[in-house]
Amino acid sequence: PLIRNVLNAVQVFDWPELNAGRALFCGLVPALIHISRLEELRKTQHLSFQKVEEAIDVCVKDGLVTDKSVRYLLANFVDGEKRKVMKPLHQFMNTAEEEKLRWIPFYMTKVLDNLEFSAPSLDESLRVALRKIVELFNELSTAEESSGKAWE
């Protein structure tokens with residue numbers, strides 16, 4: 001089950017610095033919040049992104065990564081349409097309802113970052129968009145809630 005609210009998660013994970021932006025970045029998934037907490041404490045990465053890299057490799061190898069498919073992927077952030085997303089990437093999403101997908105920013109940033117570097121044939125404007133989206137989501141996860149920067 002997803003966390004009920006940030007105050008509850010702060011107590012459960014003994015993480016007073018946890019804020020809404022970080023919780024949302026983790027998709028409100030307890031396991032991802034726990035891993036983020038471990039990474040925060042130890043300043044090391046605890047979760048392997050090998051599956052993300054493998055999924056991107058399959059997409060590239062199978063010719064699924066095109067300007068059109070990446071535009072569809074970006075459109076999916078808004079409309080959630082499952083058919084718009086390369087099938088190997090479905091595993092990094094949360095099924096909100098039938099035929100709709102909801103991205104978990106924790107994984108989305110890794111997917112977009114890997115796409116940018118793994119598909120050199122992508123149009124430069126798409127590469128810039130991917131880079132900027134990753135940057136914005138990373139800011140969301142690390143911004144201080146009291147500063148207001150997480151919501152700018």
# chains A, B, ... in the order shown; residues from 1 in each chain; ligands from 1
call {"tool": "closest_atom_pairs", "arguments": {"of": "range 21-88 of chain A", "to": "range 2-5 of chain A", "cutoff": "8 Å", "atoms": "only C-alpha atoms", "output": "tab-separated table"}}
result
residue	atom	partner	partner_atom	distance
A:Leu28	CA	A:Leu2	CA	5.4
A:Val29	CA	A:Leu2	CA	5.2
A:Pro30	CA	A:Leu2	CA	6.4
call {"tool": "write_last_selection", "arguments": {"atoms": "N, CA and C atoms", "output": "compact mmCIF listing (two decimals), in the first residue's frame"}}
result
# COMPACT_ATOMS: atom_id res chain seq x y z
N LEU A 28 5.13 7.69 -3.68
CA LEU A 28 4.46 7.29 -2.44
C LEU A 28 4.61 5.80 -2.15
N VAL A 29 5.60 5.18 -2.78
CA VAL A 29 5.85 3.74 -2.62
C VAL A 29 6.80 3.56 -1.43
N PRO A 30 6.36 2.88 -0.38
CA PRO A 30 7.18 2.74 0.83
C PRO A 30 8.59 2.20 0.57
call {"tool": "closest_residue", "arguments": {"among": "A:Leu32, A:Leu41, A:Ala23, A:Ile56", "to": "Phe117 in chain A", "atoms": "only C-alpha atoms"}}
result
A:Ile56
call {"tool": "closest_atom_pairs", "arguments": {"of": "range 22-55 of chain A", "to": "range 93-113 of chain A", "cutoff": "6 Å", "atoms": "only C-alpha atoms", "output": "JSON lines"}}
result
{"residue": "A:Phe25", "atom": "CA", "partner": "A:Pro105", "partner_atom": "CA", "distance": 5.0}
{"residue": "A:Cys26", "atom": "CA", "partner": "A:Phe106", "partner_atom": "CA", "distance": 5.2}
{"residue": "A:Gly27", "atom": "CA", "partner": "A:Ile104", "partner_atom": "CA", "distance": 4.9}
call {"tool": "write_last_selection", "arguments": {"atoms": "all heavy atoms", "output": "CSV table (one decimal), in the first residue's frame"}}
result
chain,number,residue,atom,x,y,z
A,25,PHE,N,8.2,12.1,-5.4
A,25,PHE,CA,9.3,11.7,-6.3
A,25,PHE,C,9.4,10.1,-6.2
A,25,PHE,O,9.7,9.5,-7.2
A,25,PHE,CB,10.6,12.3,-5.9
A,25,PHE,CG,11.8,11.9,-6.8
A,25,PHE,CD1,11.9,12.6,-8.0
A,25,PHE,CD2,12.7,11.0,-6.4
A,25,PHE,CE1,13.0,12.2,-8.8
A,25,PHE,CE2,13.8,10.7,-7.2
A,25,PHE,CZ,13.9,11.3,-8.4
A,26,CYS,N,9.2,9.6,-5.0
A,26,CYS,CA,9.2,8.1,-4.8
A,26,CYS,C,7.9,7.5,-5.1
A,26,CYS,O,7.7,6.3,-4.9
A,26,CYS,CB,9.6,7.8,-3.4
A,26,CYS,SG,11.3,8.3,-3.0
A,27,GLY,N,6.9,8.2,-5.7
A,27,GLY,CA,5.6,7.7,-6.1
A,27,GLY,C,4.8,7.2,-4.9
A,27,GLY,O,3.9,6.4,-5.0
call {"tool": "select_by_dssp", "arguments": {"residues": "range 45-128 of chain A", "states": "strand (DSSP E)", "output": "list of chain:residue names"}}
result
A:Met93, A:Asn94, A:Thr95, A:Ala96, A:Glu97, A:Lys100, A:Leu101, A:Arg102, A:Trp103
call {"tool": "write_last_selection", "arguments": {"atoms": "N, CA and C atoms", "output": "PDB file, in the first residue's frame"}}
result
ATOM      1  N   MET A  93       6.412   1.763 -14.166  1.00  0.00           N
ATOM      2  CA  MET A  93       5.238   2.603 -13.960  1.00  0.00           C
ATOM      3  C   MET A  93       4.279   1.916 -13.021  1.00  0.00           C
ATOM      4  N   ASN A  94       3.352   2.713 -12.553  1.00  0.00           N
ATOM      5  CA  ASN A  94       2.328   2.232 -11.653  1.00  0.00           C
ATOM      6  C   ASN A  94       1.022   2.216 -12.440  1.00  0.00           C
ATOM      7  N   THR A  95       0.295   1.122 -12.387  1.00  0.00           N
ATOM      8  CA  THR A  95      -0.972   1.053 -13.095  1.00  0.00           C
ATOM      9  C   THR A  95      -2.045   1.686 -12.223  1.00  0.00           C
ATOM     10  N   ALA A  96      -2.469   2.872 -12.620  1.00  0.00           N
ATOM     11  CA  ALA A  96      -3.474   3.597 -11.849  1.00  0.00           C
ATOM     12  C   ALA A  96      -4.865   3.050 -12.124  1.00  0.00           C
ATOM     13  N   GLU A  97      -5.110   2.704 -13.357  1.00  0.00           N
ATOM     14  CA  GLU A  97      -6.382   2.116 -13.756  1.00  0.00           C
ATOM     15  C   GLU A  97      -6.150   1.379 -15.061  1.00  0.00           C
ATOM     16  N   LYS A 100      -4.287   2.723 -18.279  1.00  0.00           N
ATOM     17  CA  LYS A 100      -3.618   3.985 -17.925  1.00  0.00           C
ATOM     18  C   LYS A 100      -2.370   3.655 -17.112  1.00  0.00           C
ATOM     19  N   LEU A 101      -1.309   4.417 -17.350  1.00  0.00           N
ATOM     20  CA  LEU A 101      -0.068   4.250 -16.610  1.00  0.00           C
ATOM     21  C   LEU A 101       0.271   5.541 -15.895  1.00  0.00           C
ATOM     22  N   ARG A 102       0.845   5.417 -14.728  1.00  0.00           N
ATOM     23  CA  ARG A 102       1.295   6.582 -13.984  1.00  0.00           C
ATOM     24  C   ARG A 102       2.779   6.401 -13.705  1.00  0.00           C
ATOM     25  N   TRP A 103       3.550   7.371 -14.127  1.00  0.00           N
ATOM     26  CA  TRP A 103       4.994   7.326 -13.921  1.00  0.00           C
ATOM     27  C   TRP A 103       5.347   7.531 -12.467  1.00  0.00           C
TER      28      TRP A 103
END
call {"tool": "residues_around", "arguments": {"residues": "His34 in chain A", "least_positions_apart": "4", "cutoff": "10 Å", "atoms": "only C-alpha atoms", "output": "list in words"}}
result
Ala9, Val12, Phe13, Asp14, Trp15, Cys26, Val29, Pro30, Leu38, Glu39 and Glu40 of chain A
call {"tool": "select_by_dssp", "arguments": {"residues": "range 8-140 of chain A", "states": "alpha helix (DSSP H)", "output": "MDAnalysis selection string"}}
result
chainID A and resid 8:12 20:25 30:42 50:61 67:79 105:118 124:140
call {"tool": "closest_residue", "arguments": {"among": "A:Glu116, A:Glu53, A:Glu17, A:Asp62", "to": "Val134 in chain A", "atoms": "only C-alpha atoms"}}
result
A:Glu116
call {"tool": "residues_around", "arguments": {"residues": "Asp123 in chain A", "least_positions_apart": "2", "cutoff": "12 Å", "atoms": "only C-alpha atoms", "output": "MDAnalysis selection string"}}
result
chainID A and resid 65:71 115:116 119:121 125:130
call {"tool": "atom_distance", "arguments": {"atom1": "CA of Pro16 in chain A", "atom2": "CA of Phe137 in chain A"}}
result
21.1 Å
call {"tool": "residues_around", "arguments": {"residues": "Arg22 in chain A", "least_positions_apart": "4", "cutoff": "7 Å", "atoms": "only C-alpha atoms", "output": "number ranges by chain"}}
result
A: 18, 26, 140-142
call {"tool": "closest_residue", "arguments": {"among": "A:Asn8, A:Leu89, A:Ser118, A:Asn19", "to": "Asn76 in chain A", "atoms": "only C-alpha atoms"}}
result
A:Leu89
